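Text of coords_36.txt, listed as compact mmCIF, C-alpha atoms:
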```txt
# COMPACT_ATOMS: atom_id res chain seq x y z
CA MET A 1 -21.77 13.68 -88.51
CA THR A 2 -19.55 10.63 -88.74
CA ALA A 3 -16.92 9.83 -86.17
CA SER A 4 -14.28 10.42 -88.82
CA THR A 5 -15.55 13.89 -89.58
CA ARG A 6 -15.69 14.79 -85.90
CA ALA A 7 -12.08 13.70 -85.68
CA LEU A 8 -11.08 15.98 -88.52
CA LEU A 9 -12.89 18.86 -86.87
CA ALA A 10 -11.36 18.13 -83.48
CA VAL A 11 -7.79 18.18 -84.75
CA ALA A 12 -8.13 21.12 -87.11
CA VAL A 13 -5.68 23.84 -86.18
CA VAL A 14 -6.19 26.31 -88.99
CA ALA A 15 -9.49 27.95 -89.91
CA LEU A 16 -9.92 30.31 -92.83
CA ALA A 17 -12.74 32.77 -93.29
CA ALA A 18 -15.64 31.47 -95.37
CA THR A 19 -16.24 33.03 -98.74
CA ALA A 20 -19.27 35.31 -98.65
CA CYS A 21 -21.31 34.34 -101.70
CA ALA A 22 -25.02 34.04 -102.24
CA PRO A 23 -26.24 30.46 -102.72
CA GLY A 24 -28.01 29.12 -105.74
CA SER A 25 -27.77 29.29 -109.50
CA SER A 26 -29.26 32.18 -111.41
CA ALA A 27 -30.81 29.89 -114.00
CA PRO A 28 -34.19 28.21 -113.40
CA PRO A 29 -34.17 24.58 -112.36
CA ALA A 30 -34.32 22.06 -115.16
CA ALA A 31 -34.27 18.57 -113.74
CA SER A 32 -35.32 17.19 -117.12
CA THR A 33 -31.82 17.90 -118.50
CA ALA A 34 -30.45 14.85 -116.68
CA PRO A 35 -28.98 12.25 -119.07
CA SER A 36 -30.42 8.79 -118.67
CA SER A 37 -27.50 6.88 -120.24
CA PRO A 38 -23.77 7.29 -120.90
CA ALA A 39 -24.53 7.96 -124.56
CA ALA A 40 -26.53 11.06 -123.60
CA VAL A 41 -23.72 12.52 -121.48
CA ARG A 42 -21.87 15.52 -122.85
CA THR A 43 -18.26 15.26 -121.66
CA ASP A 44 -16.85 18.11 -123.77
CA ALA A 45 -17.10 20.85 -121.15
CA ALA A 46 -15.68 23.44 -123.52
CA ALA A 47 -18.69 23.00 -125.79
CA LEU A 48 -21.32 23.63 -123.10
CA GLY A 49 -21.49 27.40 -123.61
CA LYS A 50 -21.34 29.98 -120.84
CA VAL A 51 -22.07 28.33 -117.50
CA THR A 52 -21.86 29.46 -113.90
CA LEU A 53 -21.53 26.60 -111.42
CA THR A 54 -22.35 27.31 -107.80
CA VAL A 55 -20.31 24.98 -105.61
CA TRP A 56 -20.74 24.61 -101.86
CA ASP A 57 -17.84 23.00 -100.02
CA GLN A 58 -16.44 22.76 -96.50
CA GLU A 59 -12.77 22.73 -97.51
CA VAL A 60 -12.02 25.71 -95.27
CA ARG A 61 -8.89 24.53 -93.44
CA GLY A 62 -5.34 25.20 -94.59
CA ALA A 63 -4.38 22.35 -96.92
CA GLN A 64 -7.98 21.63 -97.86
CA ASN A 65 -8.63 25.21 -98.89
CA ALA A 66 -5.33 25.37 -100.76
CA GLN A 67 -6.08 22.32 -102.91
CA MET A 68 -9.64 23.49 -103.64
CA THR A 69 -8.47 26.96 -104.65
CA ALA A 70 -5.79 25.51 -106.90
CA LEU A 71 -8.13 23.05 -108.62
CA ASN A 72 -10.89 25.62 -109.15
CA SER A 73 -8.41 27.99 -110.77
CA ALA A 74 -7.05 25.23 -112.99
CA PHE A 75 -10.56 24.16 -114.02
CA MET A 76 -11.57 27.68 -115.03
CA ALA A 77 -8.27 28.13 -116.90
CA LYS A 78 -8.96 24.96 -118.89
CA TYR A 79 -12.64 25.81 -119.40
CA PRO A 80 -12.95 29.62 -119.54
CA ASN A 81 -16.61 29.23 -120.51
CA ILE A 82 -17.36 27.87 -117.01
CA THR A 83 -17.20 30.07 -113.93
CA ILE A 84 -17.01 28.50 -110.48
CA LYS A 85 -18.97 30.44 -107.88
CA ARG A 86 -17.56 28.96 -104.70
CA VAL A 87 -19.31 29.11 -101.33
CA SER A 88 -16.92 27.78 -98.70
CA ARG A 89 -18.43 27.11 -95.27
CA SER A 90 -17.40 25.31 -92.12
CA PHE A 91 -18.72 21.78 -91.71
CA ASP A 92 -21.21 22.89 -89.05
CA ASP A 93 -22.45 25.80 -91.16
CA LEU A 94 -22.80 23.57 -94.21
CA ASN A 95 -24.79 21.03 -92.20
CA THR A 96 -27.10 23.76 -90.93
CA THR A 97 -27.85 25.36 -94.30
CA LEU A 98 -27.62 22.55 -96.84
CA ARG A 99 -30.96 20.89 -96.11
CA LEU A 100 -32.83 24.18 -96.55
CA ALA A 101 -30.88 25.04 -99.71
CA LEU A 102 -31.62 21.70 -101.37
CA SER A 103 -35.33 22.02 -100.70
CA GLY A 104 -35.47 25.42 -102.42
CA ASN A 105 -36.02 26.18 -106.10
CA GLU A 106 -32.48 27.37 -106.77
CA PRO A 107 -30.08 25.07 -104.92
CA PRO A 108 -26.33 25.05 -105.62
CA ASP A 109 -25.19 22.94 -108.57
CA VAL A 110 -22.57 20.99 -106.62
CA VAL A 111 -22.48 20.34 -102.86
CA GLN A 112 -20.42 18.39 -100.38
CA ALA A 113 -22.78 16.18 -98.40
CA ASN A 114 -21.90 13.93 -95.47
CA ASN A 115 -22.01 10.28 -96.59
CA GLY A 116 -24.22 9.10 -93.74
CA ARG A 117 -27.94 8.49 -93.55
CA PRO A 118 -28.94 11.78 -91.87
CA GLN A 119 -27.56 13.79 -94.82
CA MET A 120 -26.81 12.01 -98.09
CA GLY A 121 -29.29 9.23 -97.36
CA ALA A 122 -32.04 11.74 -96.55
CA PHE A 123 -31.25 13.85 -99.63
CA VAL A 124 -31.35 10.78 -101.88
CA LYS A 125 -34.68 9.71 -100.38
CA ALA A 126 -36.08 13.21 -101.02
CA GLY A 127 -34.90 13.14 -104.65
CA GLN A 128 -32.60 16.11 -104.08
CA LEU A 129 -29.39 14.56 -105.42
CA ARG A 130 -28.79 13.34 -108.96
CA PRO A 131 -27.71 9.72 -109.50
CA LEU A 132 -24.37 9.88 -111.29
CA ASP A 133 -24.20 6.43 -112.87
CA PRO A 134 -24.38 7.65 -116.51
CA TYR A 135 -21.47 9.98 -115.78
CA ALA A 136 -19.61 7.28 -113.87
CA GLU A 137 -19.78 5.11 -116.98
CA ALA A 138 -18.90 7.90 -119.39
CA TYR A 139 -15.91 9.11 -117.36
CA GLY A 140 -14.77 5.72 -116.11
CA TRP A 141 -15.23 6.56 -112.44
CA LYS A 142 -16.00 2.96 -111.56
CA LYS A 143 -12.55 2.03 -112.85
CA ARG A 144 -10.96 4.96 -111.03
CA TYR A 145 -12.36 3.90 -107.66
CA PRO A 146 -12.53 0.35 -106.28
CA GLN A 147 -15.86 -0.87 -104.95
CA SER A 148 -14.51 -0.58 -101.40
CA VAL A 149 -14.50 3.21 -101.97
CA LEU A 150 -17.62 3.51 -104.15
CA GLN A 151 -19.73 1.85 -101.45
CA TYR A 152 -19.38 5.01 -99.36
CA VAL A 153 -21.18 7.10 -101.98
CA SER A 154 -23.83 4.57 -102.98
CA TYR A 155 -27.51 4.38 -102.04
CA THR A 156 -30.58 2.77 -103.47
CA PRO A 157 -32.92 5.45 -104.92
CA ASP A 158 -35.23 5.25 -101.91
CA GLY A 159 -32.30 6.07 -99.60
CA LYS A 160 -32.86 2.91 -97.55
CA ASP A 161 -29.83 0.84 -98.52
CA PHE A 162 -26.43 2.42 -97.86
CA GLY A 163 -23.35 0.98 -99.55
CA GLN A 164 -25.07 -0.29 -102.69
CA GLY A 165 -27.23 1.01 -105.52
CA ASN A 166 -26.57 4.20 -107.48
CA VAL A 167 -23.52 6.43 -107.18
CA TYR A 168 -24.43 9.83 -105.72
CA GLY A 169 -21.09 11.50 -105.09
CA MET A 170 -17.38 11.68 -105.84
CA PRO A 171 -14.88 11.93 -102.98
CA GLN A 172 -11.42 13.47 -103.18
CA ALA A 173 -9.77 12.39 -99.95
CA GLY A 174 -9.50 9.05 -98.22
CA GLU A 175 -9.43 8.05 -94.56
CA VAL A 176 -8.18 4.93 -92.85
CA VAL A 177 -7.88 4.03 -89.18
CA GLY A 178 -4.62 2.32 -88.31
CA ILE A 179 -1.96 2.18 -85.65
CA LEU A 180 0.35 5.12 -85.09
CA TYR A 181 3.55 4.28 -83.23
CA ASN A 182 6.67 5.88 -81.84
CA ARG A 183 9.59 4.41 -83.78
CA ALA A 184 12.18 5.55 -81.24
CA LYS A 185 10.33 3.86 -78.38
CA LEU A 186 9.92 0.62 -80.32
CA ALA A 187 13.65 0.59 -81.05
CA LYS A 188 14.47 1.25 -77.38
CA LEU A 189 12.19 -1.63 -76.37
CA GLY A 190 13.72 -3.92 -79.00
CA ILE A 191 10.39 -4.30 -80.79
CA GLN A 192 9.86 -4.41 -84.54
CA PRO A 193 6.63 -2.93 -85.93
CA PRO A 194 4.16 -5.80 -85.34
CA ALA A 195 3.46 -8.03 -88.33
CA THR A 196 0.57 -9.99 -86.78
CA TRP A 197 -2.13 -9.34 -84.21
CA ALA A 198 -0.31 -11.69 -81.82
CA ASP A 199 2.85 -9.62 -82.32
CA PHE A 200 0.86 -6.51 -81.46
CA GLN A 201 -0.43 -8.10 -78.24
CA ALA A 202 3.13 -9.10 -77.33
CA ALA A 203 4.37 -5.56 -78.02
CA LEU A 204 1.70 -4.11 -75.72
CA GLU A 205 2.74 -6.45 -72.91
CA LYS A 206 6.45 -5.73 -73.40
CA ALA A 207 5.80 -1.98 -73.34
CA LYS A 208 3.76 -2.36 -70.14
CA GLN A 209 6.49 -4.40 -68.44
CA ALA A 210 9.03 -1.72 -69.37
CA GLY A 211 6.96 0.94 -67.61
CA GLU A 212 5.56 2.51 -70.76
CA GLN A 213 1.90 3.27 -71.42
CA PRO A 214 1.17 0.90 -74.33
CA ILE A 215 -1.80 2.74 -75.92
CA MET A 216 -2.93 6.32 -75.41
CA LEU A 217 -6.65 7.02 -75.84
CA GLY A 218 -8.72 10.07 -74.99
CA ASN A 219 -12.38 9.03 -75.01
CA LEU A 220 -14.09 11.85 -73.14
CA ASP A 221 -15.82 12.73 -76.42
CA LYS A 222 -17.18 9.15 -76.64
CA TRP A 223 -16.56 8.63 -80.38
CA PRO A 224 -12.77 7.98 -80.32
CA ALA A 225 -13.26 4.52 -78.81
CA VAL A 226 -15.41 3.67 -81.85
CA HIS A 227 -12.22 3.61 -83.91
CA VAL A 228 -10.43 1.46 -81.34
CA PHE A 229 -13.27 -1.03 -81.09
CA GLY A 230 -13.58 -1.13 -84.89
CA THR A 231 -9.90 -2.00 -85.15
CA VAL A 232 -10.22 -4.82 -82.60
CA GLN A 233 -13.44 -6.03 -84.20
CA GLY A 234 -11.70 -6.34 -87.57
CA GLN A 235 -9.43 -9.01 -86.10
CA HIS A 236 -12.32 -11.13 -84.82
CA VAL A 237 -15.34 -10.58 -87.07
CA PRO A 238 -15.51 -11.37 -90.83
CA LYS A 239 -15.41 -8.15 -92.83
CA GLU A 240 -18.68 -8.99 -94.59
CA GLN A 241 -20.46 -9.01 -91.23
CA ILE A 242 -18.84 -5.73 -90.22
CA ALA A 243 -19.99 -4.14 -93.49
CA THR A 244 -23.54 -5.40 -92.96
CA LEU A 245 -23.62 -3.99 -89.44
CA GLY A 246 -21.89 -0.76 -90.35
CA PHE A 247 -24.19 0.01 -93.26
CA GLY A 248 -27.27 -0.86 -91.23
CA ARG A 249 -28.45 -3.71 -93.44
CA LYS A 250 -30.39 -6.80 -92.51
CA GLY A 251 -28.55 -10.08 -92.23
CA ALA A 252 -26.20 -9.65 -89.28
CA SER A 253 -26.30 -9.41 -85.51
CA TRP A 254 -24.21 -7.82 -82.80
CA ASN A 255 -24.95 -10.77 -80.52
CA THR A 256 -22.32 -13.16 -81.88
CA PRO A 257 -19.34 -14.97 -80.36
CA GLU A 258 -17.01 -12.98 -82.63
CA ASN A 259 -18.31 -9.60 -81.47
CA THR A 260 -18.24 -10.85 -77.90
CA ALA A 261 -14.56 -11.74 -78.32
CA ALA A 262 -13.83 -8.26 -79.65
CA ALA A 263 -15.60 -6.56 -76.74
CA ALA A 264 -13.89 -8.86 -74.25
CA GLN A 265 -10.49 -8.01 -75.69
CA LEU A 266 -11.14 -4.31 -75.16
CA VAL A 267 -12.02 -5.00 -71.51
CA ASP A 268 -8.89 -7.15 -71.20
CA TRP A 269 -6.79 -4.22 -72.46
CA MET A 270 -8.24 -2.06 -69.69
CA ASP A 271 -7.62 -4.75 -67.07
CA LYS A 272 -4.00 -5.18 -68.15
CA GLY A 273 -3.32 -1.45 -68.29
CA TYR A 274 -2.75 -1.40 -72.02
CA LEU A 275 -5.15 1.56 -72.19
CA ASN A 276 -4.60 4.53 -69.88
CA LYS A 277 -6.76 4.47 -66.72
CA ASP A 278 -8.23 7.93 -67.38
CA VAL A 279 -9.45 6.93 -70.85
CA ASN A 280 -13.01 8.23 -70.37
CA GLY A 281 -11.88 11.41 -68.60
CA LEU A 282 -9.27 12.44 -71.17
CA GLY A 283 -10.23 14.46 -74.23
CA TYR A 284 -9.47 13.23 -77.73
CA ASP A 285 -7.03 16.04 -78.49
CA ALA A 286 -5.30 15.64 -75.14
CA GLY A 287 -4.79 11.93 -75.83
CA TRP A 288 -3.02 12.20 -79.15
CA GLN A 289 -1.16 15.33 -78.07
CA ALA A 290 0.25 13.45 -75.07
CA PHE A 291 1.42 10.74 -77.45
CA GLY A 292 3.09 13.39 -79.60
CA LYS A 293 4.96 14.64 -76.53
CA GLY A 294 6.30 11.19 -75.73
CA LYS A 295 3.66 9.50 -73.58
CA GLY A 296 2.70 6.08 -74.85
CA VAL A 297 3.97 3.79 -77.56
CA PHE A 298 0.88 3.39 -79.76
CA VAL A 299 -2.25 5.32 -80.72
CA ILE A 300 -5.10 3.72 -82.62
CA GLY A 301 -6.38 6.52 -84.80
CA GLY A 302 -6.99 7.86 -88.24
CA SER A 303 -4.73 8.94 -91.06
CA TRP A 304 -5.76 12.56 -90.36
CA LEU A 305 -3.49 12.52 -87.29
CA ILE A 306 -0.40 12.28 -89.49
CA GLY A 307 -0.60 15.98 -90.32
CA GLU A 308 -0.98 16.89 -86.65
CA LEU A 309 1.72 14.66 -85.17
CA GLY A 310 4.20 14.70 -88.05
CA PRO A 311 5.64 18.19 -87.51
CA ASP A 312 6.60 17.43 -83.90
CA MET A 313 7.54 13.75 -84.13
CA GLY A 314 9.13 13.73 -87.58
CA LYS A 315 10.53 10.35 -88.56
CA ASP A 316 9.83 8.98 -85.08
CA LEU A 317 6.19 8.74 -86.16
CA GLY A 318 5.10 5.54 -87.88
CA PHE A 319 1.73 4.51 -89.29
CA MET A 320 0.58 1.03 -90.21
CA LEU A 321 -2.57 -0.93 -90.91
CA PRO A 322 -3.84 -3.10 -88.06
CA PRO A 323 -1.53 -6.14 -88.23
CA GLY A 324 -3.24 -9.40 -89.03
CA ALA A 325 -6.44 -9.70 -91.02
CA PRO A 326 -6.46 -7.24 -93.97
CA VAL A 327 -9.34 -5.21 -92.52
CA ALA A 328 -9.40 -1.56 -91.48
CA THR A 329 -12.06 0.98 -90.63
CA GLY A 330 -12.11 3.87 -93.05
CA GLY A 331 -13.88 5.71 -95.77
CA THR A 332 -13.77 8.94 -97.64
CA GLY A 333 -13.90 12.62 -97.00
CA LEU A 334 -17.19 14.36 -97.77
CA PRO A 335 -18.11 13.54 -101.39
CA PHE A 336 -19.13 16.12 -103.97
CA ALA A 337 -22.65 15.57 -105.32
CA VAL A 338 -24.76 17.13 -108.08
CA THR A 339 -28.13 18.49 -107.02
CA ALA A 340 -31.24 17.19 -108.76
CA LYS A 341 -32.41 20.69 -109.72
CA SER A 342 -29.11 21.86 -111.17
CA PRO A 343 -29.67 23.14 -114.73
CA ASN A 344 -26.02 22.32 -115.51
CA PRO A 345 -25.52 18.61 -114.77
CA ASP A 346 -23.02 18.04 -117.58
CA ALA A 347 -20.84 20.94 -116.45
CA ALA A 348 -21.20 19.83 -112.83
CA ALA A 349 -20.12 16.29 -113.71
CA ALA A 350 -17.15 17.62 -115.68
CA TYR A 351 -16.16 19.57 -112.56
CA LEU A 352 -16.44 16.45 -110.39
CA ASP A 353 -14.30 14.54 -112.86
CA PHE A 354 -11.67 17.30 -112.89
CA ILE A 355 -11.29 17.60 -109.11
CA THR A 356 -10.93 13.82 -108.72
CA ASN A 357 -8.79 12.92 -111.74
CA PRO A 358 -5.16 11.70 -111.47
CA GLU A 359 -3.78 15.25 -111.72
CA ALA A 360 -6.08 16.35 -108.90
CA MET A 361 -4.83 13.48 -106.76
CA LYS A 362 -1.30 14.84 -107.23
CA VAL A 363 -2.48 18.27 -106.05
CA LEU A 364 -3.98 16.75 -102.89
CA SER A 365 -0.81 14.75 -102.29
CA GLY A 366 1.31 17.87 -102.69
CA LYS A 367 -0.75 19.60 -100.00
CA GLY A 368 -0.20 16.74 -97.54
CA LEU A 369 -3.70 15.27 -97.94
CA LEU A 370 -4.56 11.61 -98.58
CA PRO A 371 -5.91 11.18 -102.13
CA VAL A 372 -8.67 8.61 -102.36
CA ALA A 373 -7.53 7.30 -105.78
CA ASP A 374 -4.09 6.52 -107.25
CA THR A 375 -2.80 6.67 -103.68
CA GLY A 376 0.06 4.26 -104.22
CA LEU A 377 1.28 6.20 -107.27
CA GLN A 378 2.03 9.41 -105.36
CA ALA A 379 5.67 10.37 -104.95
CA VAL A 380 6.33 11.33 -101.34
CA ALA A 381 9.41 11.10 -99.16
CA ASP A 382 9.92 8.23 -96.73
CA GLY A 383 8.17 8.88 -93.45
CA PRO A 384 4.70 8.91 -91.94
CA GLN A 385 2.97 10.41 -95.00
CA LYS A 386 4.35 7.65 -97.20
CA ASP A 387 3.34 5.08 -94.58
CA MET A 388 -0.21 6.50 -94.72
CA PHE A 389 -0.34 6.42 -98.52
CA THR A 390 1.00 2.87 -98.64
CA ALA A 391 -1.51 1.71 -96.03
CA PHE A 392 -4.54 3.23 -97.77
CA ALA A 393 -3.49 1.90 -101.18
CA ALA A 394 -2.97 -1.58 -99.75
CA ILE A 395 -6.28 -1.80 -97.91
CA THR A 396 -8.35 -0.52 -100.85
CA GLU A 397 -6.59 -2.86 -103.29
CA ARG A 398 -7.44 -5.78 -100.99
CA ASP A 399 -11.03 -4.59 -100.65
CA GLY A 400 -10.47 -4.53 -96.91
CA LEU A 401 -11.95 -1.14 -96.02
CA VAL A 402 -14.98 -1.46 -93.73
CA PRO A 403 -17.37 1.33 -92.72
CA TYR A 404 -17.33 3.47 -89.63
CA LEU A 405 -19.68 1.72 -87.25
CA ASP A 406 -21.64 4.87 -86.47
CA TYR A 407 -23.01 4.80 -90.03
CA ALA A 408 -25.32 1.95 -88.98
CA THR A 409 -28.43 3.88 -87.93
CA PRO A 410 -29.36 7.55 -87.56
CA THR A 411 -28.85 7.24 -83.78
CA PHE A 412 -25.99 4.75 -83.64
CA SER A 413 -23.23 7.30 -83.06
CA ASP A 414 -24.72 8.26 -79.69
CA THR A 415 -25.67 4.67 -78.84
CA LEU A 416 -22.28 3.18 -79.60
CA GLY A 417 -20.28 6.03 -78.05
CA ALA A 418 -22.12 5.82 -74.73
CA ALA A 419 -22.05 2.03 -74.70
CA LEU A 420 -18.29 1.97 -75.26
CA GLN A 421 -17.74 4.35 -72.36
CA ASP A 422 -19.75 1.99 -70.15
CA LEU A 423 -17.80 -1.02 -71.43
CA LEU A 424 -14.42 0.61 -70.76
CA ALA A 425 -15.59 1.73 -67.30
CA LYS A 426 -16.84 -1.82 -66.63
CA LYS A 427 -20.34 -0.52 -66.04
CA ALA A 428 -21.50 -2.99 -68.69
CA THR A 429 -20.37 -6.50 -69.53
CA PRO A 430 -19.55 -7.42 -73.13
CA ALA A 431 -22.94 -9.13 -73.37
CA GLU A 432 -24.77 -6.05 -72.04
CA PHE A 433 -22.76 -3.80 -74.35
CA LEU A 434 -23.70 -5.85 -77.41
CA ALA A 435 -27.35 -6.09 -76.34
CA THR A 436 -27.51 -2.27 -76.32
CA LEU A 437 -26.11 -2.11 -79.85
CA GLU A 438 -28.39 -4.89 -81.08
CA LYS A 439 -31.49 -3.07 -79.81
CA ASP A 440 -30.71 0.11 -81.79
CA TYR A 441 -29.55 -1.81 -84.87
CA LYS A 442 -32.52 -4.20 -84.99
CA LYS A 443 -35.07 -1.46 -84.41
CA PHE A 444 -33.69 0.44 -87.38
CA VAL A 445 -33.29 -2.44 -89.84
CA ASP A 446 -36.76 -3.78 -89.01
CA SER A 447 -38.31 -0.38 -89.69
CA ASN A 448 -36.21 0.32 -92.78
CA GLY A 449 -38.02 -2.21 -94.93
```

In C-alpha cells, write the structure found in this file.
Amino acid sequence: MTASTRALLAVAVVALAATACAPGSSAPPAASTAPSSPAAVRTDAAALGKVTLTVWDQEVRGAQNAQMTALNSAFMAKYPNITIKRVSRSFDDLNTTLRLALSGNEPPDVVQANNGRPQMGAFVKAGQLRPLDPYAEAYGWKKRYPQSVLQYVSYTPDGKDFGQGNVYGMPQAGEVVGILYNRAKLAKLGIQPPATWADFQAALEKAKQAGEQPIMLGNLDKWPAVHVFGTVQGQHVPKEQIATLGFGRKGASWNTPENTAAAAQLVDWMDKGYLNKDVNGLGYDAGWQAFGKGKGVFVIGGSWLIGELGPDMGKDLGFMLPPGAPVATGGTGLPFAVTAKSPNPDAAAAYLDFITNPEAMKVLSGKGLLPVADTGLQAVADGPQKDMFTAFAAITERDGLVPYLDYATPTFSDTLGAALQDLLAKKATPAEFLATLEKDYKKFVDSNG
C-alpha cells in the first residue's frame, strides 16, 4: 500500500456497503484474443456482441462510488450490448482477494490494482495483467496523459523496472502533495502565499515569532513524514535523481550532499519549532484536524485533504505547489487494468477508455475529485478545489511530478517511515538516516537485475 493510499484511507469519512457479486467471468479464458498491434484492436464496442464485463474496484467511498455508479450507467446506456458486473470492495478487501482471483482460471475482466511493486509489479511479473500499448495507441491514451502520469502505470514485462516499459493500467484520479495554508492567518501575519522556497522559510520564521505553530504534522503513523521529506527533498535534489530513487532503479544513491541537505533541513525545522514538538506522538488525522480547527499556519499534505478541510475552512483554505523548483510528490489513484485471461479485452479496453475520457473527467470534477487528465480544463469555483486543479495541471504540464518515495522497494515504506521518526526525534543523524535508506535501496536494486 502506498503512502498516498494510506492517506486516502485514513481521511475517509464515508463508507458504503460493498456490492455482493460473485467474481469472475462466465466465459472461459482466452488469452489468445489479445491484439498485438493497434490495427488489430476493435474500438467499436457496439459491434462486439453481447458481453458481460466483471469489474472489481475499490471506489466505495461517497464521491468515488458516485462517479463510478454514474459512469457505469452511462457506459451501459451507450453500449446496451455490454453489461457491467461490478464488484465493489474496500481497499483492504481488494488487496486480500485480488492475488487469489488473478491466479484462478476465471479472474475478473477489469481490476483496480495498486501501482506499486507488491501488487501491479508482481502481477505483471506473473503475466496476470495485459499490456495495453496497442489500445493506448488506438485510443490515443499516450496523448491524453503526459509521461509524468503514464510512468505510474508502466512496467517492463518482467516486472522489474517500474516507471518505464509497457502501459498496464489507466488511472482516473490524480494526487499531488503540496502546501495547504490558512489564508486568514497569512493575512493577519502580513504574509503573501510564498512564491519561492526562501519566502516559505521566511514565512515559517515569521509565524513562529508571532506565536503561531508554523507547520502541523501528525506522524504517529510513520508515513505522513514521507510526504514532508519528499517536499523538502524536491527543493534540494534534481528530480531525475528522485525519480530514480523512488522507482527503485539503479543509478542513484541516498548518500549524496543534496539528500543530506534535505534531511538536515528537516532536523532544522524541528530545532526551530517549525514542526510541532509532539510530531511523532500525534496521529495523522489529529494533525490535519487540528489545522482545520485553527492550529497552525501550514500543513504539508496531499490534495485529498481538500475534501476533508474544505467544508470547515471554506475560502480560508489555500493549496499550492511547493514554492521554488517545479517538483512535487504525487501520482495517481489506483489504475484500472485488464487481466491477461479476460476473454473480452476489446470490451474491457473500451470501458477503460470511457471511464477516463474527457467527459469522465468532468464527472469526477463534478463529484469533487481530482481528475488525472484535462485537469486545467475543469470549470470549478474559486477556492481550494480550483487551487488543487490548477496545481496538478501545472505540475504535470511541467513534467515535475515525482514518485512517492515508498515505491522504491517492497520494504521501503516501513524502512523510510521508521527512519524518518528517528530523524525527527534526533535518534539518528542525517548521515545515519540516509545510510539506513541506502542499505534497503541498494540491496533491492542489486538483487533486481

Between CA of Gly307 in chain A and CA of Ala325 in chain A, what distance in Å does the model show, to one decimal?
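Atom-to-atom, CA of Gly307 in chain A to CA of Ala325 in chain A, that is 26.3 Å.
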
Which residue, A:Leu217, A:Leu189, A:Val226, A:Ala264, has the smallest gap to Asp414 in chain A when you use only C-alpha atoms?
A:Val226

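The residue set within 10 Å of Arg42 in chain A, counting all atoms listed in the file and dropping same-chain residues fewer than 4 places from it, reads Pro35, Pro38, Ala47, Leu48, Tyr135, Ala138, Pro345, Asp346, Ala347, Ala349 and Ala350 of chain A.
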
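Minimum distance to Met361 in chain A across A:Ala225, A:Ala379, A:Ile215, A:Val445 (counting all atoms listed in the file) occurs at A:Ala379.
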
Under the rule that only C-alpha atoms are counted, which of A:Phe229, A:Tyr351, A:Phe123, A:Phe392 is the nearest residue to Val149 in chain A?
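Residue with the minimum atom-to-atom distance to Val149 in chain A: A:Phe392.
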
So the first atom is CA of Phe389 in chain A and the second is CA of Gln192 in chain A; what is the distance between them in Å, to one decimal place?
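Going from CA of Phe389 in chain A over to CA of Gln192 in chain A, I get 20.4 Å.
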
Residue contacts of Val237 in chain A (12 Å, all atoms listed in the file) excluding same-chain residues fewer than 2 positions away, as JSON, numbers by chain:
{"A": [229, 230, 231, 232, 233, 234, 235, 239, 240, 241, 242, 243, 244, 245, 252, 253, 254, 255, 256, 257, 258, 259, 260, 261, 262, 263, 325, 326, 327, 328, 402]}

From A:Val41, A:Leu98, A:Ala203, A:Leu282, residue lying nearest Pro134 in chain A [all atoms listed in the file]
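Ranking A:Val41, A:Leu98, A:Ala203, A:Leu282 by distance to Pro134 in chain A, first place goes to A:Val41.
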
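Remark: for Leu53 in chain A, the closest of the candidate residues A:Gly190, A:Pro343, A:Gly211, A:Pro371 is A:Pro343 (distances computed over all atoms listed in the file).
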
With a distance cut-off of 8 Å and only C-alpha atoms, select the neighbouring residues of Lys295 in chain A, excluding the residue or stretch itself and same-chain residues fewer than 3 positions from it, and output the selection as a VMD selection string.
chain A and resid 212 to 213 216 290 to 292

Gap from CA of Val87 in chain A to CA of Gln112 in chain A - Å, one decimal:
10.8 Å

Determine, counting only C-alpha atoms, every residue of protein, DNA or RNA that lies within 12 Å of (2.4, 4.3, -70.6) in the file coordinates, then give the result as JSON, numbers by chain.
{"A": [185, 204, 205, 206, 207, 208, 209, 210, 211, 212, 213, 214, 215, 216, 217, 272, 273, 274, 275, 276, 277, 278, 287, 290, 291, 294, 295, 296, 297, 298, 299]}

Choose the residue, out of A:Phe354, A:Phe319, A:Trp56, A:Phe412, that has the smallest atom-to-atom separation from Met388 in chain A; count all atoms listed in the file.
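The closest residue to Met388 in chain A is A:Phe319.
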
Taking 5 positions as the minimum chain separation for residues in the same chain, which residues sit within 10 Å of Leu317 in chain A when counting all atoms listed in the file? Answer as a list in words.
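Using all atoms listed in the file, the neighbours found are Leu180, Tyr181, Asn182, Arg183, Ala184, Gly292, Phe298, Ile306, Leu309, Gly310, Pro311, Asp312, Gly383, Pro384, Gln385 and Asp387 of chain A.
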
Create the file for the chosen residues now, containing C-alpha atoms and written as a short mmCIF file (atom, residue, chain, number, x, y, z; two decimals), keeping the file's coordinate frame.
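Listing of selection.cif after writing:
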```
data_model
loop_
_atom_site.label_atom_id
_atom_site.label_comp_id
_atom_site.auth_asym_id
_atom_site.auth_seq_id
_atom_site.Cartn_x
_atom_site.Cartn_y
_atom_site.Cartn_z
CA LEU A 180 0.35 5.12 -85.09
CA TYR A 181 3.55 4.28 -83.23
CA ASN A 182 6.67 5.88 -81.84
CA ARG A 183 9.59 4.41 -83.78
CA ALA A 184 12.18 5.55 -81.24
CA GLY A 292 3.09 13.39 -79.60
CA PHE A 298 0.88 3.39 -79.76
CA ILE A 306 -0.40 12.28 -89.49
CA LEU A 309 1.72 14.66 -85.17
CA GLY A 310 4.20 14.70 -88.05
CA PRO A 311 5.64 18.19 -87.51
CA ASP A 312 6.60 17.43 -83.90
CA GLY A 383 8.17 8.88 -93.45
CA PRO A 384 4.70 8.91 -91.94
CA GLN A 385 2.97 10.41 -95.00
CA ASP A 387 3.34 5.08 -94.58
#
```

Could you pull the residues within 9 Å of Leu369 in chain A, counting all atoms listed in the file, minus those fewer than 3 positions along the same chain, as a ChimeraX atom specification?
/A:63-64,67,173-174,304,307,363-366,385
